[in-house]
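**Q** I have a structure here, written as structure tokens, and I will follow up with some questions on it.
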Amino acid sequence: MGLFLLRRIAGLAGVLVAMTIVLFALQQIVPADPARALVGPNAPNALVEAKRTEMGLDRPLPVRYWRYMVQLSRGDLGQSILTHNPVTTDLARFTPATLELILAALVLGIATGAAVALPQVLSRWGGVLRLGLIAATSAPIFLTGLLLSLVFWYWLGWLPGGGRVSPDDFRLGPTGFMTLDSILTGQPRMMPDALAHLILPAFTLALPIAVAIGRTLASSLTEVYRQGYIRTARAKGLGEATVLTRHALKNAAGPALSMVSLQVALIFNNVLIVERLFAWPGLGSYMVQAFAAADLPAVLGVAFVAAATYLVVAAIVDILRAAIDPRLGVG
Amino acid sequence: MGVGKAAAVLVAMGLLAQAQAAPAEKVLRVAYDDDVATFDPDDAIILFGLDASRVLYEGLVQYRPGTTEIAPWLAQSWSISPDGLTYRFTLRDGVTFHDGRPMTAADVLGYFRRRSTPSLPLSYFLDGVADMSAPDPHTFVITLKAPQPAFLDRLASPWAPKIIGPGALVDHAGGDLGVGWLGEHADGTGPYKLDEFARGQRYVLVRNPSYWGPQPYFDKIQILIVPSSNQQMLMLERGELDIIEHGYPFDQLAKLPPGLKVDAHDALGLEMAYFNPTKALRDPKVRKAVLTAINPAGWLNDVFGAYATPARSAYPKAMITGPAPVAFPTDLAAARRAIAAAGPVAIEIGCADQEGPVQQRIAEFMVSQLKQIGVTATVRTIPIDQDSSLVNDLARAPDIFIAQNYPDAAHPATQTGVFFETGAALNYFGYSNPKIDAMSAAAGQITSIPERNQAYLAISDLLFADEAFIPLADVKDVIVYRAGLVDLNTRPALPWAVDYATIRRE
């Protein structure tokens, strides 16, 4: 296990370094001007040049890269051009909102995926269900989100259309998760409000996850149900529920878990769209604004969080798979 | 009736009376597409946020609503020395900052010194200032190095110096001139105080009970960050928002849902095409043919409906009203012959990534019209942070760049200085004409407004004759709001903003 973790951490460091190199190279190619973005479009060129010197942008790329890596080694991600805050401060502010949304989407996606996988295998309605889900996710995610928003917020008025909480006197607590903080800070009346705000964006994000997991799990279960040990279990007189939970699911869960890991990588792409669509104040919204302002420190900071989250989730999935199926071993 | 029941009735009556006694809070709800960088008036050019900024902080002078005339604000009067170098402002009495401290000329001086610090992005507004002083608690004096007839306009600009209190600049200086603290707080003199700054979510302004002027109608201004314009429109329709100050699609304005109204007013946003003279448009005959094809008469109504008019000069109509719309060549047959003679002509149109899909739509109409004269055109969107870099690589830059930009203030010198002069910040393709520079320098010293305007219109004619800057359309600033709101008090030089100090419900 120790070696496994060590390998994972080394992998994480390698990916992050490679990412910084790519982003710095991109910055050189793209003709964006952070100094101009900072001082405004109408500022005289002399002021822009002075600002460029002050920001060290007149130095050669390798020098800037080295300085950035030295800063990074001290845990300093630099200062955001857009907000003027240390990037770490901004990340601490925006990450909980995104994590709360992603966690909710994963829970919803896994539960929905499992719920549709089982009928697909066990009943003749499986094909119809699968068709329905594929139809629901064949549209681009912004259209799905827009449609859900139109139906459940605009027409029916059952759910809020955006934001994390109704404008009120809500105080965030230690976790930054609205749902948890409502309890931790003694504001239980905010819990249903926070949950209501979470449903539409989380469900929009969850739909593609549900389809991917549902299809993978259904196909693994179909394969497992053909195995001899399932026939043996049934021949021993075990009920269908016991066969499913004790034998089939345990052996079919591996590929579905790998799919969860893959979905975490994909979910970050969709978060950019869903957060904008539902005015969700998380890393996706922060990243989009940072791009528009040529705010490289902020973009790098978000990329760091995304990469680190993905690698951590991938590691957890590997451990879980090994725990379920000891033949795989860790790593 | 039992004692219990009687007590319950009494409690209920008490609660009812309390509910009746507490008047409902008057809240105005608006939305921005994006976060503001900061409300610090010295630290960033913002567009969304100007409405809030001007009720948190106030400057010495301002533009009168609906006009480009300069009116008193924190300075109740001013005088200019005969040589045009010394501006003496008499400050208003009874002004206090949000933390309760009274404003004095020394505070104004301290603030202006901060504003002129070169590390602050908007310090350039005070370029040309030789000296500043506060000879007494009610007087603030600025001395210029050379006469600048546009100086008062610079002080009335939406991004002009606005006085920050010593509570922020001294108590919270923090080694960065208070920039860090002011990123999420405010200490001005305006009719509202910043009550909450939840980045990415919302800003809340509450009425300042100690304000020196009339109390505003609304107790609270709630500003939500809603990036999707579709969602903003639906929120407005559902009554979850009161105003959309910018970005309501032009093609939706003719079929507004009941209960919504439109305020469309002249603004300083001029739609303009910039020609890159180094590629396909190097040939004057091709340029003329292209000008014929991109004539705004062919697309203006389709893109803007009733909310734009053909440009009358290289200056926005609200700044200078030219005598007639700019005259584009109209002979399409001649344009076709010119292109046929020049051989295959392919051009690229760059459109600024601004104003939602508007620039893209204009470019697409131009492509279609250019096809009629035999020119093959393609469209590329230029991100807003990359447009000022076009001049660095003209070979890779598009042949035409279209954008709608705002000058710093309503004085034509601010338009000329930003776009047309040699080396100007938004002179996208490096145009340089010594005659224009000389004419601009001369026009910038004229104090008579009619004479000044004539001088700038002469510059405009020369620019159009040079086929470098092509004024296309005067675009109105459009605000959509729920019926019942009045006294919006918009200003041409103040983009995307109503006046929160005056707006009220009928």
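We label chains A, B, ... in the order they appear in the structure tokens, count residues from 1 in each chain, and number ligands from 1 in the order shown.
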Find the spatial neighbours of Gly301 (chain A), counting only C-alpha atoms, within a cut-off of 8 Å - ignore same-chain residues fewer than 2 positions away - and output them as a VMD selection string.

**A** chain A and resid 77 87 to 88 91 297 to 299 303 to 305

**Q** Save out the residues we just selected, N, CA, C and O atoms, as a short mmCIF file (atom, residue, chain, number, x, y, z; two decimals), in the first residue's frame.

**A**
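Contents of the output file result09.cif:
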```cif
data_model
loop_
_atom_site.label_atom_id
_atom_site.label_comp_id
_atom_site.auth_asym_id
_atom_site.auth_seq_id
_atom_site.Cartn_x
_atom_site.Cartn_y
_atom_site.Cartn_z
N LEU A 77 0.55 29.95 -5.23
CA LEU A 77 0.08 29.82 -6.62
C LEU A 77 0.01 31.18 -7.32
O LEU A 77 -0.53 31.29 -8.41
N VAL A 87 -4.23 33.28 -5.34
CA VAL A 87 -5.05 32.25 -6.00
C VAL A 87 -5.51 31.20 -4.98
O VAL A 87 -6.62 30.68 -5.06
N THR A 88 -4.65 30.93 -4.00
CA THR A 88 -5.04 29.94 -2.97
C THR A 88 -6.30 30.42 -2.22
O THR A 88 -7.16 29.60 -1.90
N LEU A 91 -9.19 29.81 -4.54
CA LEU A 91 -9.50 28.38 -4.65
C LEU A 91 -10.23 27.90 -3.40
O LEU A 91 -11.18 27.11 -3.48
N PRO A 297 -2.37 32.73 -13.61
CA PRO A 297 -2.25 32.11 -12.28
C PRO A 297 -3.55 31.44 -11.84
O PRO A 297 -3.52 30.33 -11.29
N ALA A 298 -4.68 32.08 -12.12
CA ALA A 298 -5.95 31.49 -11.72
C ALA A 298 -6.25 30.23 -12.54
O ALA A 298 -6.70 29.22 -12.00
N VAL A 299 -5.98 30.30 -13.85
CA VAL A 299 -6.23 29.13 -14.71
C VAL A 299 -5.38 27.95 -14.24
O VAL A 299 -5.86 26.82 -14.11
N ALA A 303 -6.60 24.34 -12.77
CA ALA A 303 -6.12 23.10 -13.40
C ALA A 303 -5.47 22.19 -12.37
O ALA A 303 -5.62 20.97 -12.40
N PHE A 304 -4.74 22.80 -11.44
CA PHE A 304 -4.12 22.03 -10.35
C PHE A 304 -5.17 21.27 -9.55
O PHE A 304 -5.05 20.08 -9.30
N VAL A 305 -6.20 21.99 -9.15
CA VAL A 305 -7.23 21.37 -8.32
C VAL A 305 -7.91 20.24 -9.10
O VAL A 305 -8.12 19.14 -8.57
#
```

**Q** Report the residues of region 144-310 of chain B whose backbone DSSP state falls under alpha helix (DSSP H), written as a ChimeraX atom specification.

**A** /B:151-156,166-169,179-182,229-238,284-293,300-304

**Q** Need the shell around Glu364 (chain B): protein/DNA/RNA residues with any atom at most 12 Å away, counting only C-alpha atoms. Skip same-chain ones fewer than 2 positions apart. Format as a list in words?

**A** Ile294, Gly298, Trp299, Asp302, Val303, Glu348, Ile349, Gly350, Cys351, Pro357, Val358, Gln359, Gln360, Arg361, Ile362, Met366, Val367, Ser368, Gln369, Leu370, Lys371, Thr376, Ala377, Thr378, Val379, Arg380, Thr381 and Ile402 of chain B

**Q** Determine, for each residue of chain A having at least one atom at most 9 Å from an atom of chain B, the closest pair of atoms and their separation in Å to one decimal, counting only C-alpha atoms; order by chain and ascending number, as CSV.

**A**
```
residue,atom,partner,partner_atom,distance
A:Val30,CA,B:Gln386,CA,8.2
A:Pro31,CA,B:Gln386,CA,5.7
A:Ala32,CA,B:Gln386,CA,4.5
A:Asp33,CA,B:Asp385,CA,6.2
A:Pro34,CA,B:Asp385,CA,7.6
A:Arg36,CA,B:Asp385,CA,7.3
A:Ala37,CA,B:Asp385,CA,5.9
A:Leu38,CA,B:Ala44,CA,6.9
A:Val39,CA,B:Pro121,CA,4.5
A:Gly40,CA,B:Ile45,CA,5.3
A:Pro41,CA,B:Ala425,CA,7.0
A:Asn42,CA,B:Ala425,CA,5.8
A:Ala43,CA,B:Ala425,CA,6.4
A:Pro44,CA,B:Ala425,CA,5.5
A:Asn45,CA,B:Ala425,CA,5.7
A:Leu47,CA,B:Tyr124,CA,7.6
A:Val48,CA,B:Pro121,CA,8.6
A:Ala50,CA,B:Ser119,CA,8.4
A:Lys51,CA,B:Ser119,CA,7.3
A:Glu54,CA,B:Ser119,CA,8.4
A:Ile81,CA,B:Ala37,CA,8.7
A:Leu82,CA,B:Ala37,CA,5.5
A:Thr83,CA,B:Ala37,CA,5.1
A:His84,CA,B:Gly180,CA,7.1
A:Asn85,CA,B:Gly180,CA,7.1
A:Arg93,CA,B:Arg199,CA,8.6
A:Phe94,CA,B:Gly200,CA,8.2
A:Leu146,CA,B:Gln231,CA,8.9
A:Ser149,CA,B:Gln231,CA,8.9
A:Leu150,CA,B:Leu234,CA,8.8
A:Tyr154,CA,B:Leu234,CA,7.1
A:Gly161,CA,B:Gln231,CA,7.8
A:Gly162,CA,B:Val226,CA,7.9
A:Gly163,CA,B:Gln201,CA,6.9
A:Arg164,CA,B:Gln201,CA,8.1
A:Pro167,CA,B:Arg202,CA,8.1
A:Glu275,CA,B:Pro227,CA,8.9
A:Arg276,CA,B:Pro227,CA,5.6
A:Leu277,CA,B:Ser228,CA,5.7
A:Phe278,CA,B:Val226,CA,7.7
A:Ala279,CA,B:Val226,CA,5.0
A:Trp280,CA,B:Gln201,CA,7.7
A:Pro281,CA,B:Gly200,CA,4.8
A:Gly282,CA,B:Gly200,CA,7.5
A:Ser285,CA,B:Gly200,CA,7.5
A:Tyr286,CA,B:Gly200,CA,7.5
A:Gln289,CA,B:Asp34,CA,7.3
A:Ala292,CA,B:Asp385,CA,6.8
A:Ala293,CA,B:Asp385,CA,6.4
A:Ala294,CA,B:Asp385,CA,6.5
```

**Q** Atoms to include: C-alpha atoms. Write the selected residues as an mmCIF file, in the first residue's frame.

**A**
```cif
data_model
loop_
_atom_site.group_PDB
_atom_site.id
_atom_site.type_symbol
_atom_site.label_atom_id
_atom_site.label_comp_id
_atom_site.auth_asym_id
_atom_site.auth_seq_id
_atom_site.Cartn_x
_atom_site.Cartn_y
_atom_site.Cartn_z
ATOM 1 C CA VAL A 30 -1.774 32.746 -27.429
ATOM 2 C CA PRO A 31 -1.422 36.502 -27.968
ATOM 3 C CA ALA A 32 -3.294 37.413 -24.789
ATOM 4 C CA ASP A 33 -1.814 40.229 -22.764
ATOM 5 C CA PRO A 34 -2.291 39.946 -19.000
ATOM 6 C CA ARG A 36 -3.338 44.975 -20.820
ATOM 7 C CA ALA A 37 -6.110 42.935 -19.214
ATOM 8 C CA LEU A 38 -5.084 44.328 -15.840
ATOM 9 C CA VAL A 39 -4.864 48.021 -16.710
ATOM 10 C CA GLY A 40 -7.836 48.115 -19.050
ATOM 11 C CA PRO A 41 -8.278 48.509 -22.799
ATOM 12 C CA ASN A 42 -7.909 52.283 -22.949
ATOM 13 C CA ALA A 43 -4.754 52.681 -20.861
ATOM 14 C CA PRO A 44 -1.751 54.236 -22.636
ATOM 15 C CA ASN A 45 0.821 51.787 -23.982
ATOM 16 C CA LEU A 47 1.487 52.193 -18.643
ATOM 17 C CA VAL A 48 0.956 48.710 -20.079
ATOM 18 C CA ALA A 50 5.388 49.459 -17.045
ATOM 19 C CA LYS A 51 2.840 46.973 -15.740
ATOM 20 C CA GLU A 54 6.238 44.997 -12.844
ATOM 21 C CA ILE A 81 -5.099 39.134 -12.135
ATOM 22 C CA LEU A 82 -8.884 39.226 -12.041
ATOM 23 C CA THR A 83 -9.627 39.283 -8.320
ATOM 24 C CA HIS A 84 -6.244 40.548 -7.045
ATOM 25 C CA ASN A 85 -6.440 37.858 -4.344
ATOM 26 C CA ARG A 93 -13.507 30.071 -1.680
ATOM 27 C CA PHE A 94 -14.688 28.445 -4.913
ATOM 28 C CA LEU A 146 -31.727 24.431 -20.076
ATOM 29 C CA SER A 149 -34.400 24.522 -15.832
ATOM 30 C CA LEU A 150 -37.306 25.537 -18.055
ATOM 31 C CA TYR A 154 -39.616 28.440 -15.063
ATOM 32 C CA GLY A 161 -33.230 28.225 -11.271
ATOM 33 C CA GLY A 162 -29.755 29.150 -10.078
ATOM 34 C CA GLY A 163 -27.355 30.072 -7.319
ATOM 35 C CA ARG A 164 -26.465 28.092 -4.218
ATOM 36 C CA PRO A 167 -30.433 35.588 -1.126
ATOM 37 C CA GLU A 275 -21.950 26.221 -13.344
ATOM 38 C CA ARG A 276 -22.417 29.014 -15.865
ATOM 39 C CA LEU A 277 -25.892 27.804 -16.740
ATOM 40 C CA PHE A 278 -27.078 27.598 -13.136
ATOM 41 C CA ALA A 279 -25.088 30.584 -11.787
ATOM 42 C CA TRP A 280 -23.251 28.198 -9.503
ATOM 43 C CA PRO A 281 -20.349 30.081 -7.907
ATOM 44 C CA GLY A 282 -17.670 27.425 -8.196
ATOM 45 C CA SER A 285 -17.379 29.979 -13.186
ATOM 46 C CA TYR A 286 -14.061 31.207 -11.777
ATOM 47 C CA GLN A 289 -13.818 34.421 -16.025
ATOM 48 C CA ALA A 292 -11.464 35.908 -20.356
ATOM 49 C CA ALA A 293 -9.118 38.043 -18.263
ATOM 50 C CA ALA A 294 -5.925 36.243 -19.395
#
```

**Q** Would you compute the distance between CA of Ala135 (chain A) and CA of Thr216 (chain A)? Give it in Å to one decimal.

**A** 16.9 Å

**Q** Considering only C-alpha atoms, return as a list in words whatever protein or nucleic-acid residues lie within 6 Å of region 193-206 of chain A, sequence-local ones (same chain, fewer than 6 positions apart) excluded.

**A**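 Using only C-alpha atoms, the neighbours found are Leu101, Ala104, Ala105, Leu108, Gly109, Gly145, Leu159, Pro160, Arg164, Val165, Met178 and Thr179 of chain A.
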
**Q** Determine, counting only C-alpha atoms, which protein, DNA and RNA residues have an atom within 12 Å of an atom of region 227-231 of chain A; residues of the same chain fewer than 3 positions away are not included. Present the result as a ChimeraX atom specification.

**A** /A:220-224,234-240,242-252

**Q** So which residues touch Phe151 (chain B) within 12 Å, counting only C-alpha atoms, skipping near sequence neighbours fewer than 2 positions away, as a VMD selection string?

**A** chain B and resid 60 to 61 70 80 84 to 87 124 to 129 142 to 149 153 to 157 160 to 161 408 to 414 444 to 445 447

**Q** Please report the interatomic distance between CA of Asp40 (chain B) and CA of Pro495 (chain B) in Å with one decimal.

**A**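 So the answer is 17.6 Å.
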